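As stored in input-v7.cif (mmCIF, C-alpha atoms):
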data_input
loop_
_atom_site.label_atom_id
_atom_site.label_comp_id
_atom_site.auth_asym_id
_atom_site.auth_seq_id
_atom_site.Cartn_x
_atom_site.Cartn_y
_atom_site.Cartn_z
CA ILE B 1 0.00 0.00 0.00
CA LEU B 2 2.77 2.43 0.90
CA SER B 3 4.65 1.66 -2.32
CA ALA B 4 1.51 2.20 -4.39
CA PHE B 5 1.42 5.79 -3.14
CA GLY B 6 5.16 6.40 -3.47
CA VAL B 7 5.94 6.04 0.24
CA GLU B 8 9.02 4.02 1.14
CA PRO B 9 8.02 0.95 3.17
CA ARG B 10 10.00 0.09 6.29
CA HIS B 11 10.24 -3.60 5.38
CA ALA B 12 10.03 -5.83 2.31
CA THR B 13 6.75 -5.54 0.43
CA LEU B 14 4.32 -8.33 -0.34
CA ASP B 15 5.43 -10.93 -2.86
CA ARG B 16 4.43 -10.11 -6.44
CA ALA B 17 2.29 -13.27 -6.54
CA VAL B 18 0.23 -11.96 -3.62
CA LEU B 19 -0.18 -8.44 -4.97
CA PRO B 20 0.72 -8.24 -8.66
CA PRO B 21 2.10 -4.77 -9.46
CA ALA B 22 -0.19 -4.51 -12.50
CA LEU B 23 -3.18 -4.42 -10.15
CA LEU B 24 -1.87 -1.15 -8.71
CA ASP B 25 -1.34 0.64 -12.04
CA GLY B 26 -3.44 3.80 -12.03
CA VAL B 27 -5.07 2.91 -8.71
CA ARG B 28 -6.30 5.92 -6.74
CA ARG B 29 -7.94 4.06 -3.86
CA ILE B 30 -7.11 0.91 -1.96
CA VAL B 31 -9.51 -0.80 0.41
CA VAL B 32 -8.11 -3.27 2.92
CA LEU B 33 -10.65 -5.42 4.72
CA ILE B 34 -9.37 -7.24 7.77
CA VAL B 35 -11.70 -9.79 9.30
CA ASP B 36 -10.24 -10.50 12.71
CA ALA B 37 -10.16 -14.14 13.90
CA PHE B 38 -11.46 -15.53 10.60
CA GLY B 39 -8.92 -17.91 9.12
CA TRP B 40 -8.21 -19.16 5.62
CA SER B 41 -9.70 -22.62 6.26
CA GLN B 42 -12.78 -21.15 7.89
CA PHE B 43 -13.24 -18.90 4.86
CA PHE B 44 -13.24 -21.77 2.38
CA GLU B 45 -15.49 -23.90 4.58
CA GLU B 46 -17.99 -21.03 4.51
CA LEU B 47 -17.72 -20.71 0.73
CA GLU B 48 -18.42 -24.45 0.42
CA ARG B 49 -21.54 -24.03 2.56
CA GLN B 50 -22.65 -20.91 0.66
CA PRO B 51 -21.19 -21.02 -2.88
CA ASP B 52 -23.47 -18.22 -4.12
CA LEU B 53 -22.02 -15.58 -1.82
CA PHE B 54 -20.98 -12.40 -3.62
CA LEU B 55 -17.42 -12.81 -2.34
CA ALA B 56 -17.16 -16.20 -4.05
CA GLN B 57 -18.25 -14.61 -7.31
CA LEU B 58 -15.80 -11.76 -6.84
CA LEU B 59 -12.87 -14.15 -6.36
CA ASN B 60 -13.54 -15.69 -9.77
CA ARG B 61 -13.40 -12.39 -11.67
CA ASP B 62 -10.51 -11.58 -14.00
CA GLY B 63 -7.90 -9.33 -12.44
CA VAL B 64 -8.63 -10.37 -8.87
CA ALA B 65 -5.63 -11.44 -6.80
CA PHE B 66 -6.42 -13.62 -3.83
CA SER B 67 -3.73 -15.25 -1.71
CA PRO B 68 -3.29 -16.31 1.89
CA LEU B 69 -1.16 -14.21 4.19
CA THR B 70 0.30 -15.52 7.40
CA SER B 71 -0.09 -13.58 10.59
CA VAL B 72 2.48 -12.46 13.11
CA PHE B 73 3.38 -14.40 16.23
CA PRO B 74 1.67 -14.43 18.56
CA SER B 75 -1.34 -13.96 16.30
CA THR B 76 -3.41 -12.03 18.80
CA THR B 77 -5.64 -9.17 17.72
CA VAL B 78 -3.60 -6.47 19.44
CA ASN B 79 -0.34 -7.70 17.91
CA ALA B 80 -1.65 -8.42 14.41
CA LEU B 81 -3.64 -5.20 14.07
CA THR B 82 -0.81 -3.05 15.39
CA THR B 83 1.49 -4.70 12.85
CA ALA B 84 -1.02 -4.28 10.00
CA ASN B 85 -1.71 -0.64 10.87
CA THR B 86 1.90 0.44 11.34
CA GLY B 87 3.91 -1.83 9.06
CA ALA B 88 6.28 -2.36 11.98
CA GLN B 89 7.29 -5.82 13.14
CA PRO B 90 5.99 -6.94 16.55
CA ILE B 91 9.44 -6.71 18.09
CA GLU B 92 9.57 -3.09 16.94
CA HIS B 93 6.17 -1.84 18.05
CA GLY B 94 6.14 -3.96 21.24
CA VAL B 95 2.40 -4.56 21.41
CA LEU B 96 2.86 -8.32 21.57
CA GLY B 97 -0.27 -9.54 23.30
CA TYR B 98 -3.32 -8.77 25.38
CA THR B 99 -1.44 -8.86 28.67
CA LEU B 100 2.05 -7.39 28.97
CA TRP B 101 4.43 -6.32 31.70
CA LEU B 102 4.92 -2.62 31.01
CA LYS B 103 8.06 -1.45 32.78
CA GLU B 104 7.00 2.17 32.15
CA PHE B 105 4.18 1.64 34.64
CA GLY B 106 5.69 -1.17 36.70
CA ALA B 107 2.56 -3.19 36.15
CA LEU B 108 1.06 -6.16 34.40
CA SER B 109 -1.14 -4.38 31.89
CA GLU B 110 -4.08 -5.18 29.64
CA MET B 111 -3.50 -3.70 26.19
CA VAL B 112 -7.09 -3.46 24.94
CA THR B 113 -8.05 -1.17 27.81
CA PHE B 114 -4.45 0.08 28.21
CA GLY B 115 -4.63 -0.17 31.94
CA PRO B 116 -3.47 -2.32 34.85
CA TYR B 117 -4.50 -5.96 34.57
CA ALA B 118 -6.15 -6.01 37.99
CA GLY B 119 -7.71 -2.57 37.67
CA ASN B 120 -10.79 -1.17 36.01
CA TRP B 121 -9.22 2.05 34.77
CA SER B 122 -6.98 3.11 31.90
CA TYR B 123 -3.60 4.83 31.78
CA LEU B 124 -5.43 7.41 29.66
CA GLN B 125 -7.04 8.62 32.87
CA THR B 126 -3.60 9.52 34.22
CA GLY B 127 -2.73 11.57 31.15
CA VAL B 128 -0.68 8.96 29.27
CA ASP B 129 -0.86 9.56 25.52
CA PRO B 130 -1.13 6.18 23.77
CA THR B 131 0.15 7.71 20.53
CA GLU B 132 3.46 8.30 22.32
CA PHE B 133 3.54 4.82 23.84
CA GLN B 134 3.71 2.91 20.55
CA PRO B 135 6.63 4.54 18.66
CA TYR B 136 5.79 3.84 15.01
CA PRO B 137 3.55 6.06 12.90
CA SER B 138 0.50 4.42 11.41
CA LEU B 139 0.33 3.70 7.69
CA PHE B 140 -2.57 6.16 7.62
CA LYS B 141 -0.35 8.95 8.94
CA ARG B 142 2.45 8.08 6.54
CA VAL B 143 0.30 8.13 3.37
CA ARG B 144 -1.44 11.30 4.51
CA GLU B 145 1.79 13.17 5.35
CA GLU B 146 4.24 11.69 2.83
CA ALA B 147 1.94 11.27 -0.18
CA GLY B 148 -0.90 13.69 0.52
CA VAL B 149 -3.44 10.87 0.28
CA GLY B 150 -6.59 10.76 2.40
CA ALA B 151 -6.57 7.86 4.82
CA TYR B 152 -9.64 6.47 6.53
CA ILE B 153 -10.46 3.70 8.94
CA VAL B 154 -13.96 2.30 9.09
CA ASN B 155 -14.25 0.70 12.52
CA ALA B 156 -16.73 0.11 15.29
CA ALA B 157 -17.91 3.28 17.01
CA ALA B 158 -17.11 1.73 20.40
CA TYR B 159 -13.37 1.72 19.58
CA ARG B 160 -13.14 5.27 18.28
CA HIS B 161 -11.37 6.75 21.31
CA SER B 162 -9.84 3.58 22.70
CA ALA B 163 -6.17 3.68 23.56
CA LEU B 164 -5.44 0.78 21.23
CA SER B 165 -7.13 2.51 18.27
CA LEU B 166 -5.21 5.69 19.01
CA MET B 167 -1.93 3.71 19.08
CA GLN B 168 -2.65 2.09 15.73
CA THR B 169 -4.59 4.56 13.60
CA THR B 170 -3.40 8.09 14.31
CA GLY B 171 -3.52 10.02 11.05
CA ALA B 172 -6.66 8.31 9.81
CA THR B 173 -10.04 9.91 9.61
CA TYR B 174 -12.10 7.60 11.81
CA VAL B 175 -15.43 6.58 10.26
CA PRO B 176 -17.45 4.85 12.99
CA TYR B 177 -20.13 2.25 12.40
CA ILE B 178 -22.75 0.62 14.59
CA ALA B 179 -23.76 -2.38 12.47
CA PHE B 180 -21.68 -4.12 9.83
CA SER B 181 -24.11 -2.93 7.15
CA ASP B 182 -23.10 0.63 8.13
CA ALA B 183 -19.45 -0.33 7.65
CA VAL B 184 -20.10 -1.69 4.16
CA ALA B 185 -22.04 1.43 3.18
CA ALA B 186 -19.28 3.69 4.54
CA MET B 187 -16.55 1.75 2.69
CA ALA B 188 -18.54 1.92 -0.56
CA ALA B 189 -19.11 5.65 -0.15
CA LEU B 190 -15.42 6.30 0.54
CA ALA B 191 -14.29 4.12 -2.37
CA ASN B 192 -16.64 5.89 -4.77
CA THR B 193 -15.92 9.46 -3.67
CA PRO B 194 -14.40 11.43 -6.55
#

I need this file expressed as structure tokens, please.
Amino acid sequence: ILSAFGVEPRHATLDRAVLPPALLDGVRRIVVLIVDAFGWSQFFEELERQPDLFLAQLLNRDGVAFSPLTSVFPSTTVNALTTANTGAQPIEHGVLGYTLWLKEFGALSEMVTFGPYAGNWSYLQTGVDPTEFQPYPSLFKRVREEAGVGAYIVNAAAYRHSALSLMQTTGATYVPYIAFSDAVAAMAALANTP
């Protein structure tokens, strides 16, 4: 994605078989859909159960590239999404799992709420800025600042101001949704905006 907009990626890009360069020629918009906790095998089992799904039809169109990607280790949501949203490796961004010992706070901490594991409060309440905690800029920020390209994230309204979202998506215009149908409508509207 960064390369498509002329931004230098931090690490090696996807293999050409996964994302053929010809698919990016003249592209002005890229939509990335991440379905958390939905694996490759599960996907094909669902397509076998429901072969008439639109997605199954889409995969058979000319010019569509569809390949499996492996996740990071450990493949937890907080680790994988931080990696996907920053382009940094887990060892670089440090958000390795749901529960981490954070020496900065001297506490076992829960990363979704960004607070002490045994507490029911967040470090946000003490004035900690989560955008300063995770040191790598998001891909959204990089394409916006380095290429002048609008960057959006369509995500659940409940996560809009969460510490984890702030760590991962600074630089994006946050487009909240309530129901998944809202998300699809928002993505379509953004993709079709002139």

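Across the model, the gap from CA of Ala65 (chain B) to CA of Val18 (chain B) is 6.7 Å.
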
* Pull out every residue that the PyMOL selection byres ((chain B and resi 36) around 12) matches in the shown coordinates and put them as JSON, numbers by chain. => {"B": [33, 34, 35, 37, 38, 39, 40, 42, 43, 71, 75, 76, 77, 78, 79, 80, 81, 84, 155]}

* Ala56 (chain B) environment, 12 Å, only C-alpha atoms, sequence neighbours closer than 2 positions dropped, as a PyMOL selection string -> chain B and resi 43-54+58-61+64+66

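What separates CA of Val184 (chain B) from CA of Glu146 (chain B) is a distance of 27.8 Å.
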
* Asked: Which polymer residues, protein or nucleic acid, are no farther than 10 Å from (1.3, 8.5, -2.7), counting all atoms listed in the file, as a list in words?
  -> Ile1, Leu2, Ser3, Ala4, Phe5, Gly6, Val7, Glu8, Arg28, Arg142, Val143, Arg144, Glu145, Glu146, Ala147, Gly148, Val149 and Gly150 of chain B

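Between CA of Phe114 (chain B) and CA of Val31 (chain B) there is a distance of 28.3 Å.
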
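With only C-alpha atoms as the atoms that count, the minimum distance from Ala183 (chain B) to the choices B:Phe73, B:Leu164, B:Gly171, B:Ala156 is reached by B:Ala156.
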
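Here the question is which of B:Leu139, B:Ala186, B:Ile30, B:Val72 gets nearest to Met167 (chain B) using all atoms listed in the file, and that residue is B:Leu139.
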
* Applied to the shown file, which residues does the PyMOL selection byres ((chain B and resi 96) around 8) return, written as a PyMOL selection string? -> chain B and resi 74+76+78-79+90-91+94-95+97-98+100

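Using all atoms listed in the file, the nearest neighbour of Val27 (chain B) within the list B:Ala191, B:Thr83, B:Leu69, B:Met111 is B:Ala191.
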
* Find the spatial neighbours of Glu92 (chain B), counting only C-alpha atoms, within a cut-off of 10 Å - ignore same-chain residues fewer than 6 positions away - and output them as an MDAnalysis selection string. => chainID B and resid 83 134:136

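Nearest residue to Ala151 (chain B) among B:Leu55, B:Asn120, B:Arg29, B:Leu108 is B:Arg29, counting all atoms listed in the file.
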
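Residues within 10 Å of Pro176 (chain B), counting all atoms listed in the file and excluding same-chain residues fewer than 2 positions away, are Ile153, Val154, Asn155, Ala156, Ala157, Ala158, Tyr159, Arg160, Thr173, Tyr174, Ile178, Ala179, Asp182, Ala183 and Ala186 of chain B.
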
Could you give me region 41-70 of chain B completed to N, CA and C atoms, formatted as a PDB file, in the frame of the given file?
ATOM      1  N   SER B  41      -8.894 -21.392   6.334  1.00  0.00           N
ATOM      2  CA  SER B  41      -9.700 -22.620   6.260  1.00  0.00           C
ATOM      3  C   SER B  41     -11.154 -22.341   6.563  1.00  0.00           C
ATOM      4  N   GLN B  42     -11.404 -21.513   7.567  1.00  0.00           N
ATOM      5  CA  GLN B  42     -12.780 -21.150   7.890  1.00  0.00           C
ATOM      6  C   GLN B  42     -13.449 -20.471   6.698  1.00  0.00           C
ATOM      7  N   PHE B  43     -12.707 -19.619   6.012  1.00  0.00           N
ATOM      8  CA  PHE B  43     -13.240 -18.900   4.860  1.00  0.00           C
ATOM      9  C   PHE B  43     -13.712 -19.877   3.780  1.00  0.00           C
ATOM     10  N   PHE B  44     -12.868 -20.839   3.442  1.00  0.00           N
ATOM     11  CA  PHE B  44     -13.240 -21.770   2.380  1.00  0.00           C
ATOM     12  C   PHE B  44     -14.333 -22.743   2.814  1.00  0.00           C
ATOM     13  N   GLU B  45     -14.376 -23.074   4.084  1.00  0.00           N
ATOM     14  CA  GLU B  45     -15.490 -23.900   4.580  1.00  0.00           C
ATOM     15  C   GLU B  45     -16.802 -23.140   4.410  1.00  0.00           C
ATOM     16  N   GLU B  46     -16.782 -21.851   4.678  1.00  0.00           N
ATOM     17  CA  GLU B  46     -17.990 -21.030   4.510  1.00  0.00           C
ATOM     18  C   GLU B  46     -18.381 -20.927   3.049  1.00  0.00           C
ATOM     19  N   LEU B  47     -17.403 -20.770   2.163  1.00  0.00           N
ATOM     20  CA  LEU B  47     -17.720 -20.710   0.730  1.00  0.00           C
ATOM     21  C   LEU B  47     -18.292 -22.035   0.226  1.00  0.00           C
ATOM     22  N   GLU B  48     -17.838 -23.155   0.790  1.00  0.00           N
ATOM     23  CA  GLU B  48     -18.420 -24.450   0.420  1.00  0.00           C
ATOM     24  C   GLU B  48     -19.871 -24.535   0.870  1.00  0.00           C
ATOM     25  N   ARG B  49     -20.165 -24.003   2.053  1.00  0.00           N
ATOM     26  CA  ARG B  49     -21.540 -24.030   2.560  1.00  0.00           C
ATOM     27  C   ARG B  49     -22.442 -23.068   1.787  1.00  0.00           C
ATOM     28  N   GLN B  50     -21.867 -21.938   1.346  1.00  0.00           N
ATOM     29  CA  GLN B  50     -22.650 -20.910   0.660  1.00  0.00           C
ATOM     30  C   GLN B  50     -21.951 -20.469  -0.620  1.00  0.00           C
ATOM     31  N   PRO B  51     -21.956 -21.319  -1.653  1.00  0.00           N
ATOM     32  CA  PRO B  51     -21.190 -21.020  -2.880  1.00  0.00           C
ATOM     33  C   PRO B  51     -21.716 -19.820  -3.677  1.00  0.00           C
ATOM     34  N   ASP B  52     -22.925 -19.346  -3.376  1.00  0.00           N
ATOM     35  CA  ASP B  52     -23.470 -18.220  -4.120  1.00  0.00           C
ATOM     36  C   ASP B  52     -23.188 -16.863  -3.486  1.00  0.00           C
ATOM     37  N   LEU B  53     -22.370 -16.853  -2.444  1.00  0.00           N
ATOM     38  CA  LEU B  53     -22.020 -15.580  -1.820  1.00  0.00           C
ATOM     39  C   LEU B  53     -21.345 -14.659  -2.837  1.00  0.00           C
ATOM     40  N   PHE B  54     -21.588 -13.373  -2.709  1.00  0.00           N
ATOM     41  CA  PHE B  54     -20.980 -12.400  -3.620  1.00  0.00           C
ATOM     42  C   PHE B  54     -19.461 -12.497  -3.609  1.00  0.00           C
ATOM     43  N   LEU B  55     -18.883 -12.723  -2.443  1.00  0.00           N
ATOM     44  CA  LEU B  55     -17.420 -12.810  -2.340  1.00  0.00           C
ATOM     45  C   LEU B  55     -16.882 -13.961  -3.180  1.00  0.00           C
ATOM     46  N   ALA B  56     -17.592 -15.075  -3.216  1.00  0.00           N
ATOM     47  CA  ALA B  56     -17.160 -16.200  -4.050  1.00  0.00           C
ATOM     48  C   ALA B  56     -17.174 -15.818  -5.520  1.00  0.00           C
ATOM     49  N   GLN B  57     -18.176 -15.081  -5.926  1.00  0.00           N
ATOM     50  CA  GLN B  57     -18.250 -14.610  -7.310  1.00  0.00           C
ATOM     51  C   GLN B  57     -17.124 -13.628  -7.615  1.00  0.00           C
ATOM     52  N   LEU B  58     -16.854 -12.759  -6.667  1.00  0.00           N
ATOM     53  CA  LEU B  58     -15.800 -11.760  -6.840  1.00  0.00           C
ATOM     54  C   LEU B  58     -14.437 -12.428  -7.026  1.00  0.00           C
ATOM     55  N   LEU B  59     -14.179 -13.478  -6.280  1.00  0.00           N
ATOM     56  CA  LEU B  59     -12.870 -14.150  -6.360  1.00  0.00           C
ATOM     57  C   LEU B  59     -12.627 -14.780  -7.724  1.00  0.00           C
ATOM     58  N   ASN B  60     -13.680 -15.058  -8.459  1.00  0.00           N
ATOM     59  CA  ASN B  60     -13.540 -15.690  -9.770  1.00  0.00           C
ATOM     60  C   ASN B  60     -13.455 -14.685 -10.916  1.00  0.00           C
ATOM     61  N   ARG B  61     -13.480 -13.407 -10.615  1.00  0.00           N
ATOM     62  CA  ARG B  61     -13.400 -12.390 -11.670  1.00  0.00           C
ATOM     63  C   ARG B  61     -11.967 -12.259 -12.174  1.00  0.00           C
ATOM     64  N   ASP B  62     -11.834 -11.869 -13.434  1.00  0.00           N
ATOM     65  CA  ASP B  62     -10.510 -11.580 -14.000  1.00  0.00           C
ATOM     66  C   ASP B  62      -9.912 -10.384 -13.270  1.00  0.00           C
ATOM     67  N   GLY B  63      -8.609 -10.435 -13.060  1.00  0.00           N
ATOM     68  CA  GLY B  63      -7.900  -9.330 -12.440  1.00  0.00           C
ATOM     69  C   GLY B  63      -7.964  -9.294 -10.931  1.00  0.00           C
ATOM     70  N   VAL B  64      -8.560 -10.313 -10.326  1.00  0.00           N
ATOM     71  CA  VAL B  64      -8.630 -10.370  -8.870  1.00  0.00           C
ATOM     72  C   VAL B  64      -7.482 -11.222  -8.356  1.00  0.00           C
ATOM     73  N   ALA B  65      -6.707 -10.679  -7.436  1.00  0.00           N
ATOM     74  CA  ALA B  65      -5.630 -11.440  -6.800  1.00  0.00           C
ATOM     75  C   ALA B  65      -6.115 -11.859  -5.422  1.00  0.00           C
ATOM     76  N   PHE B  66      -5.955 -13.118  -5.121  1.00  0.00           N
ATOM     77  CA  PHE B  66      -6.420 -13.620  -3.830  1.00  0.00           C
ATOM     78  C   PHE B  66      -5.427 -14.663  -3.350  1.00  0.00           C
ATOM     79  N   SER B  67      -4.760 -14.365  -2.237  1.00  0.00           N
ATOM     80  CA  SER B  67      -3.730 -15.250  -1.710  1.00  0.00           C
ATOM     81  C   SER B  67      -3.771 -15.228  -0.188  1.00  0.00           C
ATOM     82  N   PRO B  68      -3.351 -16.322   0.431  1.00  0.00           N
ATOM     83  CA  PRO B  68      -3.290 -16.310   1.890  1.00  0.00           C
ATOM     84  C   PRO B  68      -2.089 -15.503   2.376  1.00  0.00           C
ATOM     85  N   LEU B  69      -2.256 -14.887   3.519  1.00  0.00           N
ATOM     86  CA  LEU B  69      -1.160 -14.210   4.190  1.00  0.00           C
ATOM     87  C   LEU B  69      -1.053 -14.823   5.577  1.00  0.00           C
ATOM     88  N   THR B  70       0.143 -15.012   6.039  1.00  0.00           N
ATOM     89  CA  THR B  70       0.300 -15.520   7.400  1.00  0.00           C
ATOM     90  C   THR B  70       0.274 -14.334   8.354  1.00  0.00           C
TER      91      THR B  70
END
